[in-house]
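What's in protein11.cif: mmCIF, C-alpha atoms
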```cif
data_model
loop_
_atom_site.group_PDB
_atom_site.id
_atom_site.type_symbol
_atom_site.label_atom_id
_atom_site.label_comp_id
_atom_site.auth_asym_id
_atom_site.auth_seq_id
_atom_site.Cartn_x
_atom_site.Cartn_y
_atom_site.Cartn_z
ATOM 1 C CA MET A 9 -206.201 15.494 -94.836
ATOM 2 C CA GLY A 10 -207.143 18.636 -92.966
ATOM 3 C CA ASP A 11 -204.483 17.984 -90.355
ATOM 4 C CA GLU A 12 -201.880 17.440 -93.089
ATOM 5 C CA TRP A 13 -202.844 20.664 -94.813
ATOM 6 C CA GLN A 14 -202.681 22.522 -91.492
ATOM 7 C CA ARG A 15 -199.059 21.392 -91.107
ATOM 8 C CA SER A 16 -198.158 22.272 -94.682
ATOM 9 C CA PHE A 17 -196.801 25.604 -95.875
ATOM 10 C CA HIS A 18 -199.891 25.981 -98.052
ATOM 11 C CA SER A 19 -201.814 26.851 -94.893
ATOM 12 C CA LYS A 20 -199.235 29.531 -93.997
ATOM 13 C CA SER A 21 -198.703 30.910 -97.475
ATOM 14 C CA TRP A 22 -200.378 34.205 -96.530
ATOM 15 C CA SER A 23 -199.880 34.497 -92.782
ATOM 16 C CA ASP A 24 -196.180 33.612 -92.520
ATOM 17 C CA PRO A 25 -194.235 36.742 -91.412
ATOM 18 C CA ASN A 26 -191.573 36.196 -94.074
ATOM 19 C CA VAL A 27 -194.245 36.069 -96.759
ATOM 20 C CA GLN A 28 -195.702 39.345 -95.551
ATOM 21 C CA ALA A 29 -192.199 40.842 -95.599
ATOM 22 C CA ALA A 30 -191.752 39.564 -99.155
ATOM 23 C CA PHE A 31 -194.943 41.318 -100.219
ATOM 24 C CA GLU A 32 -193.469 44.568 -98.930
ATOM 25 C CA HIS A 33 -190.121 43.854 -100.564
ATOM 26 C CA PHE A 34 -191.437 43.043 -104.040
ATOM 27 C CA GLY A 35 -194.341 45.464 -103.960
ATOM 28 C CA HIS A 36 -198.061 44.836 -103.697
ATOM 29 C CA ASP A 37 -198.569 45.809 -107.348
ATOM 30 C CA ARG A 38 -196.665 42.829 -108.761
ATOM 31 C CA LYS A 39 -199.279 40.146 -108.209
ATOM 32 C CA CYS A 40 -197.184 38.405 -105.543
ATOM 33 C CA GLU A 41 -200.253 38.006 -103.390
ATOM 34 C CA SER A 42 -202.520 36.179 -105.836
ATOM 35 C CA CYS A 43 -200.779 32.814 -105.444
ATOM 36 C CA HIS A 44 -200.724 33.088 -101.659
ATOM 37 C CA ALA A 45 -204.523 33.347 -101.262
ATOM 38 C CA PRO A 46 -205.913 32.334 -104.656
ATOM 39 C CA GLN A 47 -209.409 31.849 -105.896
ATOM 40 C CA SER A 48 -210.101 28.363 -107.190
ATOM 41 C CA VAL A 49 -207.715 27.482 -110.007
ATOM 42 C CA PHE A 50 -210.502 25.510 -111.676
ATOM 43 C CA GLN A 51 -212.788 28.526 -111.659
ATOM 44 C CA THR A 52 -210.192 30.898 -113.126
ATOM 45 C CA GLY A 53 -208.871 28.212 -115.487
ATOM 46 C CA LEU A 54 -205.745 26.064 -115.321
ATOM 47 C CA THR A 55 -204.118 27.952 -118.179
ATOM 48 C CA ASN A 56 -204.893 31.407 -116.756
ATOM 49 C CA GLU A 57 -203.258 33.496 -114.060
ATOM 50 C CA VAL A 58 -204.729 32.989 -110.624
ATOM 51 C CA ALA A 59 -206.845 35.692 -109.011
ATOM 52 C CA LEU A 60 -206.546 36.954 -105.455
ATOM 53 C CA ARG A 61 -209.657 36.151 -103.464
ATOM 54 C CA ASN A 62 -211.367 38.800 -101.396
ATOM 55 C CA GLU A 63 -212.057 36.822 -98.247
ATOM 56 C CA GLU A 64 -210.399 34.361 -95.869
ATOM 57 C CA ARG A 65 -206.916 35.215 -97.044
ATOM 58 C CA GLU A 66 -205.399 34.123 -93.744
ATOM 59 C CA SER A 67 -206.049 30.490 -94.705
ATOM 60 C CA GLY A 68 -203.612 30.818 -97.592
ATOM 61 C CA VAL A 69 -203.848 28.128 -100.256
ATOM 62 C CA ASP A 70 -206.886 26.402 -98.791
ATOM 63 C CA CYS A 71 -208.953 23.395 -99.877
ATOM 64 C CA LEU A 72 -211.144 25.384 -102.263
ATOM 65 C CA SER A 73 -208.113 26.934 -103.965
ATOM 66 C CA CYS A 74 -207.339 23.569 -105.526
ATOM 67 C CA HIS A 75 -210.634 21.667 -105.354
ATOM 68 C CA GLU A 76 -213.589 23.980 -106.039
ATOM 69 C CA LEU A 77 -215.088 23.523 -109.503
ATOM 70 C CA ALA A 78 -216.970 26.175 -111.446
ATOM 71 C CA ASP A 79 -220.350 24.586 -110.622
ATOM 72 C CA GLY A 80 -219.631 24.518 -106.883
ATOM 73 C CA ARG A 81 -218.814 20.840 -106.701
ATOM 74 C CA VAL A 82 -215.464 19.562 -105.509
ATOM 75 C CA ALA A 83 -212.734 18.158 -107.752
ATOM 76 C CA ALA A 84 -211.569 14.791 -106.468
ATOM 77 C CA ARG A 85 -209.907 11.562 -107.519
ATOM 78 C CA ARG A 86 -213.240 9.742 -107.542
ATOM 79 C CA THR A 87 -216.948 10.582 -107.728
ATOM 80 C CA LEU A 88 -219.017 10.187 -104.548
ATOM 81 C CA PRO A 89 -222.536 11.443 -105.363
ATOM 82 C CA ASP A 90 -223.875 10.878 -101.850
ATOM 83 C CA ALA A 91 -221.143 12.815 -100.052
ATOM 84 C CA PRO A 92 -222.134 16.302 -98.804
ATOM 85 C CA CYS A 93 -219.514 18.106 -100.931
ATOM 86 C CA ARG A 94 -220.444 16.091 -104.058
ATOM 87 C CA PRO A 95 -216.857 15.186 -105.065
ATOM 88 C CA LEU A 96 -216.455 14.659 -108.774
ATOM 89 C CA ALA A 97 -213.671 12.630 -110.373
ATOM 90 C CA THR A 98 -211.488 15.233 -112.096
ATOM 91 C CA PRO A 99 -208.412 13.803 -113.853
ATOM 92 C CA GLU A 100 -206.772 17.240 -114.142
ATOM 93 C CA LEU A 101 -206.462 17.369 -110.352
ATOM 94 C CA ALA A 102 -203.743 14.692 -110.431
ATOM 95 C CA GLY A 103 -201.756 16.355 -113.214
ATOM 96 C CA SER A 104 -198.986 18.943 -113.108
ATOM 97 C CA GLN A 105 -201.223 21.446 -114.924
ATOM 98 C CA ALA A 106 -203.214 21.820 -111.685
ATOM 99 C CA CYS A 107 -200.085 23.254 -110.045
ATOM 100 C CA ALA A 108 -199.118 25.473 -112.980
ATOM 101 C CA PRO A 109 -201.298 28.568 -112.283
ATOM 102 C CA CYS A 110 -199.245 29.348 -109.159
ATOM 103 C CA HIS A 111 -196.001 27.446 -109.686
ATOM 104 C CA VAL A 112 -195.440 28.959 -113.105
ATOM 105 C CA ALA A 113 -191.663 28.760 -113.398
ATOM 106 C CA ILE A 114 -191.377 25.322 -111.811
ATOM 107 C CA TYR A 115 -194.023 24.013 -114.199
ATOM 108 C CA ASP A 116 -191.977 25.343 -117.115
ATOM 109 C CA ASP A 117 -188.891 23.598 -115.694
ATOM 110 C CA TRP A 118 -190.804 20.352 -115.338
ATOM 111 C CA GLN A 119 -192.073 20.462 -118.912
ATOM 112 C CA GLN A 120 -188.478 20.420 -120.136
ATOM 113 C CA SER A 121 -187.356 17.632 -117.801
ATOM 114 C CA ALA A 122 -187.069 13.867 -118.118
ATOM 115 C CA TYR A 123 -189.733 13.636 -115.406
ATOM 116 C CA ALA A 124 -192.352 15.091 -117.754
ATOM 117 C CA ARG A 125 -191.286 12.810 -120.584
ATOM 118 C CA SER A 126 -191.619 9.766 -118.329
ATOM 119 C CA GLY A 127 -195.031 10.812 -116.988
ATOM 120 C CA LYS A 128 -193.811 11.704 -113.498
ATOM 121 C CA THR A 129 -195.947 14.630 -112.302
ATOM 122 C CA CYS A 130 -195.557 17.205 -109.546
ATOM 123 C CA GLN A 131 -197.886 15.091 -107.432
ATOM 124 C CA SER A 132 -195.699 11.998 -107.894
ATOM 125 C CA CYS A 133 -193.092 13.575 -105.602
ATOM 126 C CA HIS A 134 -194.909 16.261 -103.646
ATOM 127 C CA GLN A 135 -198.183 14.449 -102.973
ATOM 128 C CA PRO A 136 -197.335 10.772 -102.413
ATOM 129 C CA ALA A 137 -199.934 8.122 -101.627
ATOM 130 C CA VAL A 138 -201.000 7.644 -98.008
ATOM 131 C CA ALA A 139 -201.326 4.005 -96.991
ATOM 132 C CA GLN A 140 -203.997 4.724 -94.366
ATOM 133 C CA ARG A 141 -206.353 6.246 -96.941
ATOM 134 C CA ALA A 142 -207.290 4.075 -99.888
ATOM 135 C CA GLY A 143 -206.579 6.066 -103.024
ATOM 136 C CA GLY A 144 -205.655 9.104 -100.936
ATOM 137 C CA ALA A 145 -202.634 11.373 -101.320
ATOM 138 C CA SER A 146 -200.665 13.361 -98.764
ATOM 139 C CA HIS A 147 -201.485 17.042 -98.340
ATOM 140 C CA LEU A 148 -198.231 17.938 -96.550
ATOM 141 C CA TYR A 149 -196.636 19.067 -99.837
ATOM 142 C CA PRO A 150 -192.963 18.839 -98.813
ATOM 143 C CA GLY A 151 -190.797 21.268 -100.748
ATOM 144 C CA GLY A 152 -188.612 24.300 -100.222
ATOM 145 C CA HIS A 153 -189.627 24.710 -96.551
ATOM 146 C CA ASP A 154 -188.722 21.129 -95.634
ATOM 147 C CA ASP A 155 -185.047 20.760 -94.654
ATOM 148 C CA ALA A 156 -184.771 17.075 -95.515
ATOM 149 C CA TRP A 157 -186.505 17.648 -98.841
ATOM 150 C CA VAL A 158 -184.102 20.443 -99.806
ATOM 151 C CA ARG A 159 -181.104 18.323 -98.841
ATOM 152 C CA SER A 160 -182.325 15.369 -100.885
ATOM 153 C CA GLY A 161 -182.541 17.382 -104.109
ATOM 154 C CA ALA A 162 -178.840 18.044 -104.683
ATOM 155 C CA GLU A 163 -175.493 16.435 -103.928
ATOM 156 C CA MET A 164 -172.128 18.135 -103.408
ATOM 157 C CA SER A 165 -168.609 16.879 -104.099
ATOM 158 C CA CYS A 166 -165.246 18.557 -103.439
ATOM 159 C CA ARG A 167 -161.712 17.790 -104.570
ATOM 160 C CA GLN A 168 -158.328 19.442 -104.665
ATOM 161 C CA GLN A 169 -156.602 19.645 -108.017
ATOM 162 C CA GLY A 170 -153.179 21.186 -107.597
ATOM 163 C CA ALA A 171 -153.591 24.766 -106.442
ATOM 164 C CA GLU A 172 -157.348 24.708 -106.949
ATOM 165 C CA LEU A 173 -160.266 23.517 -104.858
ATOM 166 C CA ILE A 174 -163.101 22.346 -107.108
ATOM 167 C CA VAL A 175 -166.661 22.192 -105.753
ATOM 168 C CA GLN A 176 -169.494 20.644 -107.736
ATOM 169 C CA VAL A 177 -173.208 20.722 -106.909
ATOM 170 C CA ARG A 178 -175.429 18.375 -108.908
ATOM 171 C CA ASN A 179 -179.204 18.513 -109.210
ATOM 172 C CA HIS A 180 -179.659 14.758 -109.138
ATOM 173 C CA ALA A 181 -183.153 14.245 -107.716
ATOM 174 C CA THR A 182 -185.633 16.894 -108.813
ATOM 175 C CA GLY A 183 -187.901 17.288 -111.809
ATOM 176 C CA HIS A 184 -187.287 21.050 -111.923
ATOM 177 C CA ASN A 185 -184.404 23.450 -111.533
ATOM 178 C CA TYR A 186 -182.681 23.654 -108.153
ATOM 179 C CA PRO A 187 -183.568 25.567 -106.045
ATOM 180 C CA GLY A 188 -187.280 25.597 -106.722
ATOM 181 C CA GLU A 189 -189.495 28.657 -106.094
ATOM 182 C CA ARG A 190 -186.917 31.167 -106.998
ATOM 183 C CA HIS A 191 -187.451 34.875 -106.691
ATOM 184 C CA ASN A 192 -186.869 34.639 -102.922
ATOM 185 C CA ARG A 193 -184.371 31.773 -102.760
ATOM 186 C CA VAL A 194 -180.622 32.190 -102.368
ATOM 187 C CA LEU A 195 -178.184 29.304 -102.861
ATOM 188 C CA LEU A 196 -174.431 29.600 -102.496
ATOM 189 C CA VAL A 197 -171.223 27.666 -101.941
ATOM 190 C CA GLN A 198 -169.074 28.959 -99.076
ATOM 191 C CA VAL A 199 -165.417 27.985 -98.652
ATOM 192 C CA ILE A 200 -163.364 28.792 -95.553
ATOM 193 C CA GLN A 201 -159.713 27.737 -95.337
ATOM 194 C CA ARG A 202 -157.959 27.738 -91.965
ATOM 195 C CA GLN A 203 -154.493 27.123 -90.598
ATOM 196 C CA THR A 204 -153.955 24.704 -87.699
ATOM 197 C CA ASP A 205 -154.342 27.511 -85.147
ATOM 198 C CA GLY A 206 -157.736 28.439 -86.626
ATOM 199 C CA THR A 207 -156.529 31.504 -88.530
ATOM 200 C CA ILE A 208 -158.678 32.051 -91.603
ATOM 201 C CA THR A 209 -156.614 32.325 -94.781
ATOM 202 C CA LEU A 210 -159.475 32.344 -97.291
ATOM 203 C CA ALA A 211 -163.200 33.059 -97.054
ATOM 204 C CA GLN A 212 -165.029 33.098 -100.379
ATOM 205 C CA GLN A 213 -168.487 32.427 -101.758
ATOM 206 C CA ALA A 214 -169.820 31.428 -105.153
ATOM 207 C CA VAL A 215 -173.468 32.339 -105.683
ATOM 208 C CA ILE A 216 -175.545 29.757 -107.536
ATOM 209 C CA LYS A 217 -178.848 31.575 -107.095
ATOM 210 C CA ASP A 218 -179.283 35.161 -106.003
ATOM 211 C CA ILE A 219 -182.511 37.102 -105.562
ATOM 212 C CA THR A 220 -184.315 37.744 -108.870
ATOM 213 C CA PRO A 221 -187.283 39.988 -109.756
ATOM 214 C CA PHE A 222 -190.752 38.517 -109.407
ATOM 215 C CA ARG A 223 -191.670 36.550 -112.542
ATOM 216 C CA GLY A 224 -188.237 37.425 -113.911
ATOM 217 C CA GLU A 225 -186.638 34.086 -113.116
ATOM 218 C CA SER A 226 -184.018 32.678 -115.448
ATOM 219 C CA SER A 227 -182.560 29.197 -115.811
ATOM 220 C CA ALA A 228 -179.098 30.754 -116.108
ATOM 221 C CA ASP A 229 -178.632 31.119 -112.347
ATOM 222 C CA ARG A 230 -179.986 27.751 -111.237
ATOM 223 C CA ILE A 231 -179.131 24.097 -111.756
ATOM 224 C CA ARG A 232 -181.208 22.198 -114.289
ATOM 225 C CA PRO A 233 -182.254 18.594 -113.569
ATOM 226 C CA GLY A 234 -179.256 16.295 -113.925
ATOM 227 C CA GLU A 235 -176.800 19.145 -114.477
ATOM 228 C CA VAL A 236 -173.843 20.345 -112.394
ATOM 229 C CA PHE A 237 -172.777 23.730 -111.061
ATOM 230 C CA GLN A 238 -169.010 24.045 -110.621
ATOM 231 C CA ALA A 239 -167.026 26.611 -108.668
ATOM 232 C CA VAL A 240 -163.221 26.826 -108.440
ATOM 233 C CA PHE A 241 -161.429 28.371 -105.449
ATOM 234 C CA PRO A 242 -157.690 28.956 -104.932
ATOM 235 C CA VAL A 243 -155.813 26.867 -102.382
ATOM 236 C CA VAL A 244 -153.980 29.323 -100.139
ATOM 237 C CA ASP A 245 -150.383 28.578 -99.159
ATOM 238 C CA PRO A 246 -149.687 26.995 -96.745
ATOM 239 C CA PRO A 247 -152.571 24.577 -97.435
ATOM 240 C CA VAL A 248 -154.095 23.079 -94.297
ATOM 241 C CA ALA A 249 -157.862 22.553 -94.198
ATOM 242 C CA ALA A 250 -161.014 23.755 -95.909
ATOM 243 C CA GLU A 251 -164.639 23.793 -94.825
ATOM 244 C CA VAL A 252 -167.069 23.747 -97.749
ATOM 245 C CA GLN A 253 -170.779 24.422 -97.240
ATOM 246 C CA LEU A 254 -173.762 24.569 -99.557
ATOM 247 C CA LEU A 255 -176.044 27.178 -97.977
ATOM 248 C CA TYR A 256 -179.717 27.754 -98.780
ATOM 249 C CA LYS A 257 -181.700 30.815 -97.745
ATOM 250 C CA ARG A 258 -185.451 30.754 -98.109
ATOM 251 C CA PHE A 259 -185.558 34.545 -98.008
ATOM 252 C CA PRO A 260 -182.757 36.877 -99.118
ATOM 253 C CA TRP A 261 -182.647 38.908 -95.913
ATOM 254 C CA HIS A 262 -181.667 35.854 -93.859
ATOM 255 C CA ARG A 263 -178.111 35.997 -92.534
ATOM 256 C CA ASP A 264 -175.625 33.235 -93.346
ATOM 257 C CA GLU A 265 -176.049 31.789 -89.865
ATOM 258 C CA GLU A 266 -179.795 31.488 -90.509
ATOM 259 C CA ALA A 267 -179.263 29.590 -93.747
ATOM 260 C CA LEU A 268 -179.889 25.878 -94.038
ATOM 261 C CA THR A 269 -176.639 23.962 -94.414
ATOM 262 C CA VAL A 270 -177.652 21.658 -97.239
ATOM 263 C CA HIS A 271 -174.274 19.902 -97.319
ATOM 264 C CA ARG A 272 -170.985 20.369 -95.463
ATOM 265 C CA GLN A 273 -167.610 18.809 -96.145
ATOM 266 C CA LEU A 274 -164.182 19.138 -94.489
ATOM 267 C CA LEU A 275 -161.043 18.619 -96.559
ATOM 268 C CA GLU A 276 -157.382 18.265 -95.632
ATOM 269 C CA LEU A 277 -155.492 20.258 -98.252
ATOM 270 C CA GLN A 278 -152.099 19.277 -99.651
#
```

Could you take the file, read its structure, and then write that structure out as structure tokens?
Amino acid sequence: MGDEWQRSFHSKSWSDPNVQAAFEHFGHDRKCESCHAPQSVFQTGLTNEVALRNEERESGVDCLSCHELADGRVAARRTLPDAPCRPLATPELAGSQACAPCHVAIYDDWQQSAYARSGKTCQSCHQPAVAQRAGGASHLYPGGHDDAWVRSGAEMSCRQQGAELIVQVRNHATGHNYPGERHNRVLLVQVIQRQTDGTITLAQQAVIKDITPFRGESSADRIRPGEVFQAVFPVVDPPVAAEVQLLYKRFPWHRDEEALTVHRQLLELQ
């Protein structure tokens, strides 16, 4: 589990250079830092805001952030009284509420989704079972920093309808709005139309998610579970070909060429 955590973004949630740049961008007085090196969520309370710890911040969201109980024992899936850390079976650890103190907006999304109504928790997707460990769960926490994970969350379709190019992006596989952690994320559709000699006749973008203030996220600029974002672009005469890309930026200062191409489609226009 330690090796998995070491490879996860939880271990880099404080030390990553982009995170440090984000602190500067949003301001150190806006509580950005508390979720990146939190005290134990069980000690501060699962329904309370997390508190920034005073020591060992470089380890980010470490083991104690999620597992340390108020009495010093360790929250776990089962009780092992003879183990040195005295793990205690704590049902709340396997529920979405354990993620809520830091992932506030995503937790709110999840509560309104079909996933919550069906009993599918955050851990169901982001902490799957590990076959090699009986009763154990992965601590890799794939999410917004995992390319394959981001690509799997949404699907894109394109079609020409007369003089219009219609692009649809559907959030078909997440239990929260797409993209996820939002105040830093940027998501956009880019369309480039070219003639046969490569001359660009149209270059336009439709922003799905732009940068938003910390803790000022809104569902209006993201795609709810199961819903579709649609953008309409003109087809320039003479119509030849269009390249459509869904681009995802983990941080708003990333250039387009640094963005993850979530989906890409080439169309012959009529």

### Task
Could you tell me which residues the PyMOL selection byres ((chain A and resi 61) around 12) returns for this structure, as a ChimeraX atom specification?
/A:22,41-49,51-52,58-60,62-70,72-73

#### Entry: Length of the atom CA of Leu173 of chain A to atom CA of Val158 of chain A vector [Å]
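Atom CA of Val158 of chain A lies at a distance of 24.6 Å from atom CA of Leu173 of chain A.
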
#### Entry: Length of the atom CA of Leu254 of chain A to atom CA of His184 of chain A vector [Å]
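Interatomic distance here is 18.7 Å.
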
### Task
Skip Trp261 of chain A itself and residues of its chain fewer than 2 positions away, then list as a VMD selection string all residues within 10 Å of it, counting all atoms listed in the file.
chain A and resid 26 29 to 30 192 194 219 257 to 259 263 to 264 266

Kindly export the residues of the current selection with C-alpha atoms, as a PDB file, in the coordinates of the input.
```
ATOM      1  CA  ASN A  26    -191.573  36.196 -94.074  1.00  0.00           C
ATOM      2  CA  ALA A  29    -192.199  40.842 -95.599  1.00  0.00           C
ATOM      3  CA  ALA A  30    -191.752  39.564 -99.155  1.00  0.00           C
ATOM      4  CA  ASN A 192    -186.869  34.639-102.922  1.00  0.00           C
ATOM      5  CA  VAL A 194    -180.622  32.190-102.368  1.00  0.00           C
ATOM      6  CA  ILE A 219    -182.511  37.102-105.562  1.00  0.00           C
ATOM      7  CA  LYS A 257    -181.700  30.815 -97.745  1.00  0.00           C
ATOM      8  CA  ARG A 258    -185.451  30.754 -98.109  1.00  0.00           C
ATOM      9  CA  PHE A 259    -185.558  34.545 -98.008  1.00  0.00           C
ATOM     10  CA  ARG A 263    -178.111  35.997 -92.534  1.00  0.00           C
ATOM     11  CA  ASP A 264    -175.625  33.235 -93.346  1.00  0.00           C
ATOM     12  CA  GLU A 266    -179.795  31.488 -90.509  1.00  0.00           C
TER      13      GLU A 266
END
```

### Summary
Restricting to all atoms listed in the file, whichever of A:Val248, A:Gly170, A:Glu57, A:Gly152 is closest to Lys39 of chain A is A:Glu57

### Query
For the file shown, what are the residues hit by the PyMOL selection byres ((chain A and resi 112) around 12), laid out as a PyMOL selection string?
chain A and resi 43+54-58+104-111+113-119+184+188-191+222-225

#### Entry: Proximity to Ser126 of chain A - best of A:Ile231, A:Glu12, A:Arg86, A:Gly183, all atoms listed in the file
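The closest residue to Ser126 of chain A is A:Gly183.
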
### Query
Could you name the residues that touch Arg85 of chain A at 7 Å or less, counting only C-alpha atoms, but leaving out those on the same chain fewer than 6 positions away, as number ranges by chain?
A: 97-99

### Query
Written as a list in words, which residues does the PyMOL selection byres ((chain A and resi 243) around 6) give for the file shown?
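Evaluating the PyMOL selection byres ((chain A and resi 243) around 6) on these coordinates yields Ala171, Glu172, Pro242 and Val244 of chain A.
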
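Counting from atom CA of Arg15 of chain A, the distance to atom CA of Cys130 of chain A is 19.2 Å.
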
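Shortest separation to Arg232 of chain A among A:Val175, A:Ile216, A:Leu277, A:Val82 occurs at residue A:Ile216, atoms counted being all atoms listed in the file.
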
### Message
Taking 2 positions as the minimum chain separation for residues in the same chain, which residues sit within 9 Å of Gln201 of chain A when counting only C-alpha atoms? Answer as a PyMOL selection string.
### Response
chain A and resi 199+203+206-211+243-244+247-252

#### Entry: Local residues around (-171.9, 14.9, -108.9), at most 7 Å away, using all atoms listed in the file, as a list in words
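Protein and nucleic acid residues near the point are Glu163, Met164, Ser165, Gln176, Val177, Arg178 and Val236 of chain A.
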
### Shell around Leu196 of chain A at 7 Å using only C-alpha atoms, local window under 5 positions removed, as a ChimeraX atom specification
/A:213-217,254-256

### Task
Rank A:Gln238, A:Gln28, A:Ser132, A:Thr204 by their smallest atom-to-atom distance to Glu276 of chain A, using only C-alpha atoms, and report the top residue only.
A:Thr204

### Message
I want to know what sits within 8 Å of Ser146 of chain A, based on all atoms listed in the file, with residues of the same chain fewer than 4 positions away left out; could you give that as a ChimeraX atom specification?
### Response
/A:9,12,135-138
